[in-house]
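A.B. asks: model-v1.txt is reproduced below (compact mmCIF, C-alpha atoms and all ligand atoms).
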# COMPACT_ATOMS: atom_id res chain seq x y z
CA PRO H 1 -8.51 -39.12 33.73
CA ARG H 2 -9.30 -37.36 37.04
CA LYS H 3 -11.58 -34.44 36.19
CA ILE H 4 -10.84 -31.15 37.93
CA LYS H 5 -13.21 -28.18 37.78
CA VAL H 6 -11.65 -24.73 37.87
CA LEU H 7 -13.88 -21.67 37.99
CA VAL H 8 -12.39 -18.66 36.21
CA LEU H 9 -13.42 -15.17 37.39
CA PRO H 10 -11.54 -12.61 35.27
CA GLY H 11 -13.20 -9.53 36.82
CA ASP H 12 -12.46 -5.99 35.66
CA ASN H 13 -9.86 -3.87 33.82
CA CYS H 14 -6.57 -5.82 33.75
CA GLY H 15 -8.23 -8.87 35.37
CA PRO H 16 -9.11 -10.61 32.07
CA GLU H 17 -5.63 -9.90 30.64
CA VAL H 18 -3.73 -11.57 33.48
CA VAL H 19 -6.25 -14.38 33.95
CA ASN H 20 -5.90 -15.22 30.26
CA GLU H 21 -2.23 -16.03 30.86
CA GLY H 22 -3.05 -18.14 33.93
CA VAL H 23 -5.63 -20.05 31.92
CA LYS H 24 -3.05 -20.75 29.19
CA VAL H 25 -0.83 -22.36 31.82
CA LEU H 26 -3.71 -24.51 33.14
CA LYS H 27 -4.61 -25.58 29.61
CA ALA H 28 -1.02 -26.48 28.80
CA ILE H 29 -0.90 -28.73 31.88
CA SER H 30 -4.28 -30.27 31.12
CA ASN H 31 -3.35 -31.04 27.49
CA ILE H 32 -0.15 -32.78 28.47
CA ARG H 33 -1.59 -34.70 31.44
CA LYS H 34 -4.74 -35.79 29.60
CA LYS H 35 -2.63 -37.66 27.06
CA CYS H 36 -1.04 -39.84 29.71
CA ASN H 37 -4.41 -40.39 31.42
CA GLY H 38 -3.54 -38.22 34.40
CA VAL H 39 -5.90 -35.32 34.92
CA GLU H 40 -8.19 -33.21 32.84
CA ILE H 41 -8.91 -29.62 33.85
CA GLU H 42 -12.37 -28.31 32.99
CA LEU H 43 -12.76 -24.53 32.93
CA GLN H 44 -15.92 -22.56 33.55
CA GLU H 45 -16.08 -18.75 33.44
CA GLU H 46 -18.41 -16.46 35.42
CA LYS H 47 -18.65 -12.78 36.34
CA ILE H 48 -17.65 -10.96 39.53
CA GLY H 49 -17.17 -7.28 40.42
CA GLY H 50 -17.97 -4.34 38.16
CA CYS H 51 -18.67 -6.44 35.06
CA ALA H 52 -21.19 -8.42 37.11
CA ILE H 53 -22.84 -5.17 38.32
CA ASP H 54 -23.17 -4.05 34.71
CA ALA H 55 -24.66 -7.38 33.63
CA THR H 56 -26.86 -8.25 36.62
CA GLY H 57 -26.88 -5.34 39.06
CA LYS H 58 -24.95 -7.39 41.64
CA PRO H 59 -21.19 -7.74 42.19
CA LEU H 60 -21.59 -11.40 43.17
CA PRO H 61 -24.43 -12.98 41.17
CA GLU H 62 -25.94 -16.23 42.55
CA VAL H 63 -24.70 -18.23 39.54
CA THR H 64 -21.15 -17.18 40.33
CA LEU H 65 -21.39 -18.15 43.98
CA SER H 66 -22.99 -21.52 43.26
CA ALA H 67 -20.37 -22.28 40.58
CA ALA H 68 -17.71 -21.39 43.16
CA LYS H 69 -19.17 -23.87 45.65
CA GLU H 70 -19.06 -26.63 42.99
CA ALA H 71 -15.50 -25.92 41.85
CA ASP H 72 -12.26 -27.58 42.98
CA ALA H 73 -10.52 -24.22 42.78
CA ILE H 74 -11.09 -20.65 41.59
CA LEU H 75 -8.78 -18.44 39.55
CA LEU H 76 -9.55 -14.73 39.96
CA GLY H 77 -8.13 -11.62 38.27
CA ALA H 78 -9.13 -8.40 40.03
CA VAL H 79 -12.26 -6.32 40.55
CA GLY H 80 -13.12 -2.64 40.60
CA GLY H 81 -12.02 0.57 38.97
CA PRO H 82 -13.07 4.13 38.17
CA GLN H 83 -15.94 2.94 35.96
CA TRP H 84 -17.96 2.35 39.13
CA PRO H 85 -17.54 5.69 40.92
CA LYS H 86 -21.02 6.09 42.42
CA GLN H 87 -21.00 3.00 44.58
CA ILE H 88 -19.40 4.71 47.50
CA ASP H 89 -21.02 3.12 50.49
CA SER H 90 -21.39 -0.60 50.07
CA ASN H 91 -24.68 -1.01 51.85
CA ASP H 92 -26.42 2.32 51.66
CA ALA H 93 -29.50 1.34 49.72
CA SER H 94 -31.36 4.38 51.10
CA LYS H 95 -29.20 6.63 48.93
CA GLY H 96 -29.90 4.47 45.92
CA LEU H 97 -26.32 3.30 45.76
CA GLY H 98 -25.65 -0.35 45.01
CA PRO H 99 -22.76 -2.35 46.34
CA ARG H 100 -19.27 -1.71 45.04
CA PRO H 101 -17.41 -4.19 42.80
CA GLU H 102 -15.04 -4.90 45.70
CA GLN H 103 -17.99 -6.06 47.83
CA GLY H 104 -18.33 -9.04 45.47
CA LEU H 105 -14.83 -10.17 46.37
CA LEU H 106 -15.40 -9.70 50.11
CA ASP H 107 -18.69 -11.63 49.86
CA ILE H 108 -17.26 -14.60 47.98
CA ARG H 109 -14.37 -14.88 50.47
CA LYS H 110 -16.82 -14.75 53.37
CA SER H 111 -19.32 -17.17 51.79
CA LEU H 112 -16.60 -19.77 51.19
CA ASP H 113 -15.12 -19.05 54.64
CA LEU H 114 -11.66 -18.48 53.17
CA PHE H 115 -10.13 -17.38 56.43
CA ALA H 116 -6.43 -17.55 55.49
CA ASN H 117 -4.80 -15.59 52.70
CA LEU H 118 -1.26 -16.76 51.92
CA ARG H 119 0.98 -14.24 50.17
CA PRO H 120 4.49 -15.62 49.64
CA CYS H 121 7.22 -13.05 49.08
CA SER H 122 10.59 -14.16 47.77
CA PHE H 123 12.52 -13.82 44.53
CA ALA H 124 10.81 -15.78 41.76
CA SER H 125 14.21 -15.55 40.08
CA ASP H 126 17.54 -14.35 41.51
CA SER H 127 17.99 -12.17 38.45
CA LEU H 128 15.14 -10.01 39.79
CA ILE H 129 17.30 -8.81 42.69
CA ALA H 130 18.83 -6.27 40.34
CA TYR H 131 15.39 -4.79 39.57
CA SER H 132 14.35 -4.16 43.17
CA PRO H 133 14.22 -0.45 44.00
CA LEU H 134 15.90 -1.48 47.28
CA LYS H 135 19.60 -2.31 47.59
CA GLU H 136 20.72 -5.84 46.81
CA SER H 137 22.45 -6.08 50.22
CA VAL H 138 19.10 -5.26 51.89
CA VAL H 139 16.75 -7.57 49.99
CA LYS H 140 18.90 -10.58 49.17
CA GLY H 141 17.65 -13.71 50.94
CA THR H 142 14.14 -12.37 51.64
CA ASP H 143 11.77 -15.29 52.00
CA PHE H 144 8.57 -15.02 53.98
CA THR H 145 4.91 -15.83 53.57
CA ILE H 146 2.36 -13.38 54.83
CA VAL H 147 -0.60 -15.23 56.35
CA ARG H 148 -3.39 -12.70 56.44
CA GLU H 149 -6.63 -13.36 58.32
CA LEU H 150 -9.23 -12.76 55.60
CA VAL H 151 -12.78 -12.87 56.93
CA GLY H 152 -12.55 -10.77 60.09
CA GLY H 153 -11.14 -7.51 61.36
CA ILE H 154 -12.39 -4.04 60.56
CA TYR H 155 -13.33 -5.25 57.04
CA PHE H 156 -16.36 -7.00 58.44
CA GLY H 157 -17.43 -4.56 61.15
CA GLU H 158 -15.89 -3.42 64.42
CA ARG H 159 -15.50 -5.88 67.24
CA HIS H 160 -14.55 -5.61 70.85
CA GLU H 161 -12.20 -7.72 72.87
CA GLN H 162 -14.89 -8.91 75.23
CA ASP H 163 -17.26 -10.06 72.43
CA GLU H 164 -14.69 -12.21 70.80
CA SER H 165 -14.18 -15.86 71.40
CA GLY H 166 -10.86 -15.76 69.65
CA LYS H 167 -11.92 -18.60 67.34
CA GLU H 168 -11.00 -16.67 64.20
CA VAL H 169 -7.54 -15.89 65.55
CA LYS H 170 -7.00 -19.46 66.66
CA ARG H 171 -7.74 -21.12 63.31
CA VAL H 172 -5.51 -18.79 61.30
CA THR H 173 -2.74 -19.23 63.89
CA ARG H 174 -3.01 -23.01 63.53
CA LEU H 175 -2.74 -22.71 59.76
CA ALA H 176 0.33 -20.49 60.09
CA ALA H 177 1.91 -22.99 62.50
CA HIS H 178 1.23 -25.80 60.04
CA LEU H 179 3.09 -23.85 57.34
CA ALA H 180 5.97 -23.11 59.76
CA LEU H 181 6.32 -26.82 60.59
CA GLU H 182 6.56 -27.70 56.88
CA LYS H 183 9.82 -25.77 56.62
CA ASN H 184 13.18 -27.27 57.44
CA PRO H 185 14.33 -25.88 59.82
CA ILE H 186 10.94 -24.96 61.32
CA ALA H 187 10.11 -21.37 60.39
CA THR H 188 9.61 -18.57 62.90
CA ILE H 189 6.15 -16.99 63.10
CA HIS H 190 6.25 -13.19 63.23
CA SER H 191 2.89 -12.02 64.54
CA LEU H 192 2.12 -8.36 63.80
CA ASP H 193 -0.41 -6.33 65.74
CA LYS H 194 -1.11 -3.00 67.45
CA ALA H 195 -1.61 -4.39 70.95
CA ASN H 196 -0.34 -1.14 72.51
CA VAL H 197 -3.50 0.61 71.29
CA LEU H 198 -6.22 -1.75 70.05
CA ALA H 199 -8.28 -4.09 72.23
CA THR H 200 -8.72 -6.41 69.24
CA SER H 201 -4.94 -6.61 68.95
CA ARG H 202 -4.60 -7.54 72.62
CA LEU H 203 -7.01 -10.43 71.98
CA TRP H 204 -5.00 -11.32 68.86
CA ARG H 205 -1.71 -11.39 70.79
CA ARG H 206 -3.14 -13.43 73.65
CA VAL H 207 -4.73 -16.07 71.39
CA VAL H 208 -1.65 -16.37 69.14
CA THR H 209 0.57 -16.86 72.20
CA GLU H 210 -1.74 -19.40 73.87
CA THR H 211 -2.32 -21.40 70.70
CA LEU H 212 1.34 -21.62 69.79
CA GLU H 213 2.56 -22.37 73.32
CA LYS H 214 -0.07 -25.06 73.95
CA GLU H 215 -0.39 -26.71 70.56
CA PHE H 216 2.86 -25.98 68.72
CA PRO H 217 5.66 -25.83 71.30
CA LYS H 218 8.26 -26.42 68.58
CA VAL H 219 7.32 -23.36 66.53
CA PRO H 220 9.36 -20.28 67.46
CA PHE H 221 7.43 -17.01 67.43
CA LYS H 222 7.84 -13.29 68.02
CA HIS H 223 5.40 -10.41 68.35
CA HIS H 224 6.05 -7.11 66.60
CA TYR H 225 4.09 -3.88 66.41
CA ILE H 226 2.78 -3.30 62.92
CA ASP H 227 4.27 0.19 62.53
CA ALA H 228 7.80 -0.94 63.35
CA ALA H 229 7.34 -4.04 61.17
CA ALA H 230 6.38 -1.82 58.21
CA MET H 231 9.71 -0.04 58.68
CA PHE H 232 11.76 -3.24 59.04
CA LEU H 233 10.08 -4.61 55.91
CA VAL H 234 12.05 -2.13 53.79
CA LYS H 235 15.05 -1.59 56.08
CA SER H 236 15.97 -5.25 56.59
CA PRO H 237 13.21 -7.55 55.35
CA THR H 238 15.06 -10.79 56.16
CA ILE H 239 14.31 -10.06 59.84
CA LEU H 240 10.77 -11.17 58.98
CA ASN H 241 11.78 -14.38 57.16
CA GLY H 242 9.44 -17.26 57.93
CA ILE H 243 5.72 -16.76 58.43
CA VAL H 244 4.29 -13.26 58.92
CA LEU H 245 0.94 -13.67 60.64
CA THR H 246 -1.41 -10.72 60.85
CA GLU H 247 -5.00 -9.50 60.67
CA ASN H 248 -6.92 -8.55 57.56
CA LEU H 249 -6.17 -4.83 57.07
CA PHE H 250 -2.54 -4.95 58.25
CA GLY H 251 -1.90 -7.90 55.93
CA ASP H 252 -3.49 -6.09 52.99
CA ILE H 253 -1.30 -3.02 53.41
CA LEU H 254 1.92 -4.85 54.24
CA SER H 255 1.67 -7.22 51.26
CA ASP H 256 1.54 -4.39 48.70
CA GLU H 257 4.57 -2.88 50.46
CA ALA H 258 6.33 -6.27 50.41
CA SER H 259 5.93 -6.56 46.63
CA ILE H 260 8.56 -3.84 46.23
CA ILE H 261 11.22 -6.20 47.60
CA PRO H 262 11.17 -8.48 44.51
CA GLY H 263 10.48 -5.39 42.41
CA SER H 264 6.82 -5.14 41.37
CA LEU H 265 3.25 -5.50 42.52
CA GLY H 266 2.83 -7.65 39.43
CA LEU H 267 4.91 -10.47 40.95
CA LEU H 268 3.16 -11.58 44.13
CA PRO H 269 0.57 -14.38 44.05
CA SER H 270 -1.94 -15.39 46.70
CA ALA H 271 -4.02 -18.31 47.89
CA SER H 272 -7.13 -17.85 50.03
CA LEU H 273 -7.96 -21.08 51.81
CA ASN H 274 -10.70 -22.47 54.04
CA GLY H 275 -8.56 -25.01 55.85
CA LEU H 276 -5.17 -26.56 56.37
CA PRO H 277 -3.47 -27.33 53.07
CA ASP H 278 -2.30 -30.72 54.36
CA GLY H 279 -3.76 -32.85 51.57
CA LYS H 280 -6.14 -34.56 54.03
CA ASN H 281 -9.17 -32.34 53.63
CA LYS H 282 -10.51 -30.93 50.42
CA CYS H 283 -9.27 -27.39 50.51
CA ILE H 284 -11.31 -24.86 48.53
CA GLY H 285 -9.31 -21.89 47.43
CA ILE H 286 -9.40 -18.66 45.49
CA TYR H 287 -6.11 -18.01 43.72
CA GLU H 288 -5.41 -14.45 42.64
CA PRO H 289 -2.59 -11.94 42.25
CA ILE H 290 -2.33 -9.56 45.22
CA HIS H 291 -2.61 -6.56 42.90
CA GLY H 292 -5.78 -4.80 41.80
CA SER H 293 -7.31 -4.14 38.40
CA ALA H 294 -4.58 -1.64 37.40
CA PRO H 295 -6.96 0.66 35.48
CA ASP H 296 -4.06 3.00 34.63
CA ILE H 297 -2.37 0.40 32.41
CA ALA H 298 -5.17 -2.06 31.57
CA GLY H 299 -5.76 -2.86 27.90
CA LYS H 300 -2.27 -1.84 26.77
CA GLY H 301 -0.77 -5.33 26.86
CA ILE H 302 1.84 -4.35 29.45
CA VAL H 303 0.40 -5.78 32.66
CA ASN H 304 2.72 -8.28 34.34
CA PRO H 305 1.05 -11.73 34.34
CA ILE H 306 3.60 -13.41 36.64
CA ALA H 307 1.61 -12.86 39.87
CA THR H 308 -1.36 -14.64 38.29
CA ILE H 309 0.76 -17.45 36.84
CA LEU H 310 2.38 -18.00 40.26
CA SER H 311 -1.14 -18.06 41.74
CA VAL H 312 -1.85 -20.98 39.39
CA ALA H 313 1.21 -22.72 40.85
CA LEU H 314 -0.27 -22.24 44.35
CA MET H 315 -3.57 -23.68 43.09
CA LEU H 316 -1.81 -26.76 41.71
CA LYS H 317 -0.13 -27.26 45.07
CA TYR H 318 -2.89 -26.51 47.55
CA SER H 319 -6.18 -27.39 45.85
CA LEU H 320 -5.42 -29.72 42.94
CA ASN H 321 -2.84 -31.99 44.55
CA LEU H 322 -0.40 -31.58 41.64
CA PRO H 323 2.84 -30.57 43.42
CA ARG H 324 5.12 -31.66 40.57
CA GLU H 325 3.25 -29.46 38.13
CA ALA H 326 3.31 -26.58 40.63
CA LYS H 327 7.08 -26.79 40.83
CA ALA H 328 7.33 -26.96 37.03
CA VAL H 329 5.36 -23.68 36.76
CA GLU H 330 7.65 -21.99 39.31
CA ASP H 331 10.73 -23.28 37.49
CA ALA H 332 9.39 -22.05 34.16
CA VAL H 333 8.74 -18.58 35.64
CA ARG H 334 12.26 -18.50 37.05
CA LYS H 335 13.76 -19.35 33.68
CA VAL H 336 11.64 -16.85 31.75
CA LEU H 337 12.61 -14.00 34.11
CA ASP H 338 16.26 -14.93 34.08
CA ASP H 339 18.44 -12.47 32.21
CA GLU H 340 20.99 -15.05 31.14
CA GLU H 341 18.65 -17.69 29.81
CA PHE H 342 17.81 -16.53 26.33
CA GLY H 343 21.10 -14.90 25.40
CA GLY H 344 20.40 -11.70 27.35
CA PHE H 345 16.93 -11.65 25.79
CA SER H 346 14.84 -11.97 28.93
CA TYR H 347 11.05 -11.96 29.12
CA ARG H 348 9.96 -9.15 31.39
CA THR H 349 7.13 -6.60 31.21
CA LYS H 350 7.58 -2.85 31.58
CA ASP H 351 7.22 -2.75 35.39
CA LEU H 352 10.47 -4.76 35.50
CA SER H 353 12.16 -2.57 32.87
CA GLY H 354 11.43 -5.13 30.16
CA ASP H 355 9.83 -4.65 26.76
CA LYS H 356 7.71 -7.80 26.50
CA THR H 357 3.93 -7.86 26.39
CA THR H 358 1.65 -9.69 28.80
CA VAL H 359 0.93 -12.31 26.13
CA GLU H 360 4.60 -12.78 25.19
CA VAL H 361 5.54 -13.47 28.80
CA GLY H 362 2.65 -15.94 29.20
CA ASP H 363 3.50 -17.69 25.92
CA LYS H 364 7.12 -18.09 26.95
CA VAL H 365 6.18 -19.54 30.34
CA CYS H 366 3.93 -22.10 28.58
CA GLU H 367 6.64 -23.00 26.08
CA VAL H 368 9.24 -23.61 28.80
CA LEU H 369 6.69 -25.43 30.99
CA GLU H 370 5.73 -27.84 28.20
CA GLY H 371 9.40 -28.77 27.90
CA TYR H 372 9.53 -29.54 31.62
CA LEU H 373 6.34 -31.64 31.68
CA GLU H 374 6.73 -33.75 28.55
P1 LIG Z 1 -3.69 -1.68 41.72
O1 LIG Z 1 -3.08 -2.80 42.45
O2 LIG Z 1 -4.68 -2.02 40.68
O3 LIG Z 1 -2.54 -0.79 41.04
C1 LIG Z 1 -1.54 -0.08 41.78
C2 LIG Z 1 -0.38 0.28 40.83
O4 LIG Z 1 0.34 -0.91 40.52
C3 LIG Z 1 -0.86 0.85 39.51
O5 LIG Z 1 0.05 1.82 39.07
C4 LIG Z 1 -0.82 -0.35 38.58
O6 LIG Z 1 -0.62 -0.04 37.22
C5 LIG Z 1 0.34 -1.16 39.13
N1 LIG Z 1 0.13 -2.60 38.89
C6 LIG Z 1 -0.79 -3.39 39.50
N2 LIG Z 1 -0.74 -4.62 39.01
C7 LIG Z 1 0.23 -4.63 38.08
C8 LIG Z 1 0.75 -5.64 37.21
N3 LIG Z 1 0.28 -6.89 37.22
N4 LIG Z 1 1.74 -5.31 36.36
C9 LIG Z 1 2.24 -4.06 36.35
N5 LIG Z 1 1.79 -3.06 37.15
C10 LIG Z 1 0.80 -3.35 38.00
O7 LIG Z 1 -4.32 -0.74 42.82
P2 LIG Z 1 -5.28 0.56 42.65
O8 LIG Z 1 -4.96 1.28 41.40
O9 LIG Z 1 -5.19 1.23 43.93
O10 LIG Z 1 -6.74 -0.07 42.53
C11 LIG Z 1 -7.43 -0.22 41.30
C12 LIG Z 1 -8.73 -0.97 41.53
O11 LIG Z 1 -8.44 -2.34 41.87
C13 LIG Z 1 -9.55 -0.42 42.69
O12 LIG Z 1 -10.90 -0.46 42.31
C14 LIG Z 1 -9.28 -1.39 43.82
O13 LIG Z 1 -10.34 -1.46 44.75
C15 LIG Z 1 -9.15 -2.67 43.07
N6 LIG Z 1 -8.38 -3.73 43.75
C16 LIG Z 1 -8.81 -4.99 43.57
C17 LIG Z 1 -8.11 -6.05 44.11
C18 LIG Z 1 -8.61 -7.42 43.89
O14 LIG Z 1 -9.51 -7.64 43.12
N7 LIG Z 1 -8.07 -8.41 44.56
C19 LIG Z 1 -6.92 -5.80 44.79
C20 LIG Z 1 -6.49 -4.48 44.95
C21 LIG Z 1 -7.22 -3.43 44.42
C1 LIG Z 2 -6.73 -7.39 48.00
C2 LIG Z 2 -7.62 -6.19 47.74
C3 LIG Z 2 -8.99 -6.40 48.39
C4 LIG Z 2 -8.76 -6.46 49.89
C5 LIG Z 2 -10.07 -5.35 48.07
C6 LIG Z 2 -10.22 -5.14 46.60
C7 LIG Z 2 -11.38 -5.76 48.67
O1 LIG Z 2 -7.01 -5.01 48.12
O2 LIG Z 2 -7.13 -8.51 47.68
O3 LIG Z 2 -5.62 -7.19 48.48
O4 LIG Z 2 -8.64 -5.42 50.53
O5 LIG Z 2 -8.70 -7.57 50.41
MN MN Z 3 -4.89 -5.28 48.61
As structure tokens, how would this structure be written, given the file I've shared?
Ligand code: NAD
Ligand code: IPM
Ligand code: MN

C.D. replies:
Amino acid sequence: PRKIKVLVLPGDNCGPEVVNEGVKVLKAISNIRKKCNGVEIELQEEKIGGCAIDATGKPLPEVTLSAAKEADAILLGAVGGPQWPKQIDSNDASKGLGPRPEQGLLDIRKSLDLFANLRPCSFASDSLIAYSPLKESVVKGTDFTIVRELVGGIYFGERHEQDESGKEVKRVTRLAAHLALEKNPIATIHSLDKANVLATSRLWRRVVTETLEKEFPKVPFKHHYIDAAAMFLVKSPTILNGIVLTENLFGDILSDEASIIPGSLGLLPSASLNGLPDGKNKCIGIYEPIHGSAPDIAGKGIVNPIATILSVALMLKYSLNLPREAKAVEDAVRKVLDDEEFGGFSYRTKDLSGDKTTVEVGDKVCEVLEGYLE
């Protein structure tokens, strides 16, 4: 069988709980595929974030980074939490403060040059529409993917328009255009910025426009200001259907907001990639839920594992070249969330008004998935 290496980085607080469910899904696929001589998934676990600080003094130990470079893909939970309150300034060694857990995540993204963070937002199951805090008439039909630039912006130090070559903007724009062209009909790119105030945004807008006009004349695109887009996202989110392309900080904020459309932060997955997911190049990726370590509910067995399980589906599609298995995972999630499927006995965690535990939801997804794959 083809051997695939997946590095597992559970991280802190609820990280291990949700990653455990993602790992169950990977193991279920590996067990079934191994039998028919298809693929075998090998798992290795390392530390990142606060747990790594506690064990080694560093949020991203060398062993973790070198294992990441060797892996075909990485499954990550979340890092950080109130247990690490003193690490306030990431680099202020003079005050005796070490780096924060979150710095480990920023460093691994930067070291692997994962410049594009894909955060799809649609309804994993139509039955979820009823659980959105927003009206059904507003959210129905929402289907966009946020493409967030991940290794630049204010996260990695201030820049000025004149210093910038625009290379970072160009490569993420190309990736967004590639995703738009995959859709039938070709999706619209909605580029979000603050070009009326920020010099960096004026550079962003210019490079997005030039790249799309020159290289992707078939891809329709629109520019929006980020503040108005944040309003439209809850007023009429289907306006943004297609690809939402934006810089690091705007994409971070907008994606948490977007999770309220399908109903919970515990639903949205993400893929952080270092190249076009076109199957031609080996694409390294970190796959993780968009949510954080949820310290307020960690350890109670009520964290929603769906965002992590859907991140595994993205991994199967973009890094492991197993599109059929990716679709099977998405189908299994849809069925498990569906109210009608099990005689009104649906499998949802508390954030979606359900009464099932993290483990029960994960088990049910695996059970349904095995039926689809065998
Ligand atoms: P958070 O995303 O952890 O939680 C925000 C709220 O959403 C909380 O009420 C939480 O209980 C809820 N929530 C989150 N995930 C959920 C899930 N799967 N199921 C049900 N409810 C869920 O954000 P926060 O509380 O602001 O941050 C906590 C820590 O996580 C901080 O240290 C932050 O820096 C870190 N963080 C890490 C990542 C990451 O590792 N990628 C992402 C965001 C935040
Ligand atoms: C995310 C998180 C991270 C980010 C933090 C923890 C560094 O909020 O993945 O959305 O801001 O990118
Ligand atoms: Mn975030």

A.B. asks: Which one of H:Val19, H:Ile48, H:Val25, H:Leu322 sits closest to H:Ile4 if you count only C-alpha atoms?

C.D. replies: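 Going through H:Val19, H:Ile48, H:Val25, H:Leu322 one by one, the smallest distance to H:Ile4 is for H:Leu322.
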
A.B. asks: Which residue, H:Glu367, H:Ser165, H:Ile186, H:Leu60, has the smallest gap to H:Thr200 when you use all atoms listed in the file?

C.D. replies: H:Ser165

A.B. asks: Which one of H:Phe216, H:Phe250, H:Trp84, H:Phe221 sits closest to ligand MN 3 (chain Z) if you count only C-alpha atoms and all ligand atoms?

C.D. replies: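 Closest to ligand MN 3 (chain Z), using only C-alpha atoms and all ligand atoms: H:Phe250.
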
A.B. asks: What do you get as a ChimeraX atom specification if you pick all residues at most 8 Å from ligand LIG 2 (chain Z), counting only C-alpha atoms and all ligand atoms?

C.D. replies: /H:78-80,102-103,105-106,150,248-249,252-253,255-256,288-292

A.B. asks: Looking at H:Glu136, H:Glu257, H:Asp363, H:Glu340, which one is nearest to ligand LIG 1 (chain Z), with distances taken over all atoms listed in the file?

C.D. replies: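 Of the candidates, the smallest distance to ligand LIG 1 (chain Z) is held by H:Glu257.
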